[in-house]
Structure formats: C-alpha cells, structure tokens
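Note sheet for the following structure.
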Amino acid sequence: MSIMEIQQMSNKEKLRAMEALWDCLCHQEKEPESPSWHNDLLDRRRARIESGEAKFYSLEEAKKMLG
C-alpha cells in the first residue's frame, strides 16, 4: 500500500487499517526489536534524571506550556 492510497482512504478506513496492523503486531510470537537509537535515548534520559538535571511537569503544567 502506498502513501497515496492511504491518503485517499477515509479516516474510518485509516483507523480500521491501523487497528488491524496493531492487532497483528500484538499477537506476534516474537516482539520486534527496538532500534539502537531507542536505548541510547533512554540511557541519556536516565542519566539526566540521576544527575538531577531532568525536570518533571504535571499534566496541567504541560498543557499550559503547550497551549
């Protein structure tokens, strides 16, 4: 399926296709491997938390910053 075909689908069709893909992925015997950059990112975030450099915000604070 091409991007062009996906763009021509209704939102309802896109959601059905996405749900079918997600369901298929969830029922595979072997989970897909995470890309190496994912572990690198998690390691950097963990280091920021441990050093006290990371900042945490409540959901309300985050909504205000984004809004």
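Ligands are numbered from 1 in the order shown, residues from 1 within each chain, and chains are lettered A, B, ... in the order they appear in the structure tokens.
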Alpha helix (DSSP H) positions in chain A, given as an MDAnalysis selection string: chainID A and resid 3:7 11:26 36:51 59:66
Take the residues from that selection and write them out as a short mmCIF file (atom, residue, chain, number, x, y, z; two decimals), in the first residue's frame, keeping N, CA and C atoms.
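part.cif written:
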data_model
loop_
_atom_site.label_atom_id
_atom_site.label_comp_id
_atom_site.auth_asym_id
_atom_site.auth_seq_id
_atom_site.Cartn_x
_atom_site.Cartn_y
_atom_site.Cartn_z
N ILE A 3 1.59 5.53 0.10
CA ILE A 3 1.14 6.72 0.83
C ILE A 3 -0.05 7.34 0.10
N MET A 4 0.00 7.36 -1.20
CA MET A 4 -1.07 7.94 -1.99
C MET A 4 -2.40 7.20 -1.73
N GLU A 5 -2.31 5.87 -1.67
CA GLU A 5 -3.52 5.08 -1.40
C GLU A 5 -4.05 5.36 0.01
N ILE A 6 -3.15 5.50 0.95
CA ILE A 6 -3.55 5.79 2.33
C ILE A 6 -4.21 7.16 2.40
N GLN A 7 -3.68 8.14 1.70
CA GLN A 7 -4.25 9.49 1.72
C GLN A 7 -5.65 9.51 1.15
N ASN A 11 -11.00 8.61 7.10
CA ASN A 11 -10.43 8.46 8.45
C ASN A 11 -10.86 7.15 9.08
N LYS A 12 -12.11 6.75 8.82
CA LYS A 12 -12.61 5.50 9.37
C LYS A 12 -11.82 4.32 8.81
N GLU A 13 -11.53 4.34 7.51
CA GLU A 13 -10.74 3.27 6.88
C GLU A 13 -9.31 3.26 7.41
N LYS A 14 -8.74 4.44 7.61
CA LYS A 14 -7.37 4.53 8.14
C LYS A 14 -7.31 3.95 9.55
N LEU A 15 -8.31 4.27 10.37
CA LEU A 15 -8.33 3.74 11.74
C LEU A 15 -8.49 2.23 11.74
N ARG A 16 -9.34 1.71 10.88
CA ARG A 16 -9.51 0.25 10.79
C ARG A 16 -8.20 -0.42 10.39
N ALA A 17 -7.51 0.15 9.41
CA ALA A 17 -6.23 -0.41 8.96
C ALA A 17 -5.20 -0.35 10.08
N MET A 18 -5.16 0.77 10.80
CA MET A 18 -4.21 0.93 11.89
C MET A 18 -4.51 -0.08 13.01
N GLU A 19 -5.78 -0.27 13.32
CA GLU A 19 -6.16 -1.23 14.36
C GLU A 19 -5.79 -2.66 13.95
N ALA A 20 -5.98 -2.97 12.66
CA ALA A 20 -5.64 -4.31 12.18
C ALA A 20 -4.13 -4.54 12.27
N LEU A 21 -3.34 -3.54 11.90
CA LEU A 21 -1.89 -3.66 12.00
C LEU A 21 -1.45 -3.81 13.44
N TRP A 22 -2.02 -3.00 14.33
CA TRP A 22 -1.65 -3.06 15.75
C TRP A 22 -2.01 -4.42 16.33
N ASP A 23 -3.20 -4.93 15.98
CA ASP A 23 -3.62 -6.23 16.47
C ASP A 23 -2.66 -7.32 15.99
N CYS A 24 -2.25 -7.23 14.75
CA CYS A 24 -1.31 -8.21 14.18
C CYS A 24 0.03 -8.15 14.93
N LEU A 25 0.53 -6.94 15.18
CA LEU A 25 1.79 -6.79 15.88
C LEU A 25 1.71 -7.31 17.32
N CYS A 26 0.57 -7.09 17.97
CA CYS A 26 0.41 -7.51 19.37
C CYS A 26 0.35 -9.02 19.52
N SER A 36 18.50 0.72 17.88
CA SER A 36 19.59 1.07 18.81
C SER A 36 19.46 2.49 19.34
N TRP A 37 18.94 3.41 18.52
CA TRP A 37 18.81 4.79 18.99
C TRP A 37 17.84 4.89 20.17
N HIS A 38 16.91 3.95 20.26
CA HIS A 38 15.94 3.99 21.35
C HIS A 38 16.62 3.77 22.70
N ASN A 39 17.50 2.78 22.78
CA ASN A 39 18.24 2.54 24.02
C ASN A 39 19.16 3.71 24.34
N ASP A 40 19.78 4.30 23.32
CA ASP A 40 20.64 5.47 23.54
C ASP A 40 19.84 6.62 24.15
N LEU A 41 18.66 6.85 23.62
CA LEU A 41 17.80 7.92 24.13
C LEU A 41 17.39 7.65 25.58
N LEU A 42 17.00 6.42 25.85
CA LEU A 42 16.62 6.07 27.23
C LEU A 42 17.79 6.23 28.19
N ASP A 43 18.99 5.84 27.76
CA ASP A 43 20.19 6.00 28.60
C ASP A 43 20.45 7.47 28.91
N ARG A 44 20.31 8.33 27.90
CA ARG A 44 20.53 9.77 28.11
C ARG A 44 19.49 10.34 29.07
N ARG A 45 18.26 9.92 28.91
CA ARG A 45 17.20 10.41 29.80
C ARG A 45 17.42 9.92 31.23
N ARG A 46 17.82 8.66 31.38
CA ARG A 46 18.09 8.11 32.71
C ARG A 46 19.23 8.89 33.37
N ALA A 47 20.25 9.22 32.62
CA ALA A 47 21.39 9.97 33.16
C ALA A 47 20.95 11.37 33.62
N ARG A 48 20.06 12.01 32.86
CA ARG A 48 19.57 13.33 33.25
C ARG A 48 18.76 13.25 34.54
N ILE A 49 17.99 12.18 34.70
CA ILE A 49 17.21 12.00 35.92
C ILE A 49 18.14 11.79 37.11
N GLU A 50 19.12 10.91 36.94
CA GLU A 50 20.05 10.60 38.03
C GLU A 50 20.90 11.79 38.43
N SER A 51 21.22 12.67 37.47
CA SER A 51 22.04 13.83 37.78
C SER A 51 21.22 14.98 38.36
N LEU A 59 0.59 17.12 34.36
CA LEU A 59 -0.16 17.18 33.12
C LEU A 59 -0.72 18.57 32.89
N GLU A 60 -1.24 19.19 33.94
CA GLU A 60 -1.79 20.54 33.81
C GLU A 60 -0.70 21.54 33.40
N GLU A 61 0.49 21.44 34.00
CA GLU A 61 1.59 22.34 33.64
C GLU A 61 1.99 22.13 32.17
N ALA A 62 2.05 20.89 31.75
CA ALA A 62 2.43 20.61 30.37
C ALA A 62 1.39 21.15 29.39
N LYS A 63 0.11 21.00 29.73
CA LYS A 63 -0.95 21.55 28.87
C LYS A 63 -0.82 23.06 28.73
N LYS A 64 -0.53 23.73 29.84
CA LYS A 64 -0.37 25.19 29.81
C LYS A 64 0.81 25.60 28.93
N MET A 65 1.91 24.86 29.03
CA MET A 65 3.10 25.19 28.24
C MET A 65 2.84 24.97 26.75
N LEU A 66 2.04 23.97 26.42
CA LEU A 66 1.76 23.65 25.02
C LEU A 66 0.63 24.52 24.45
#
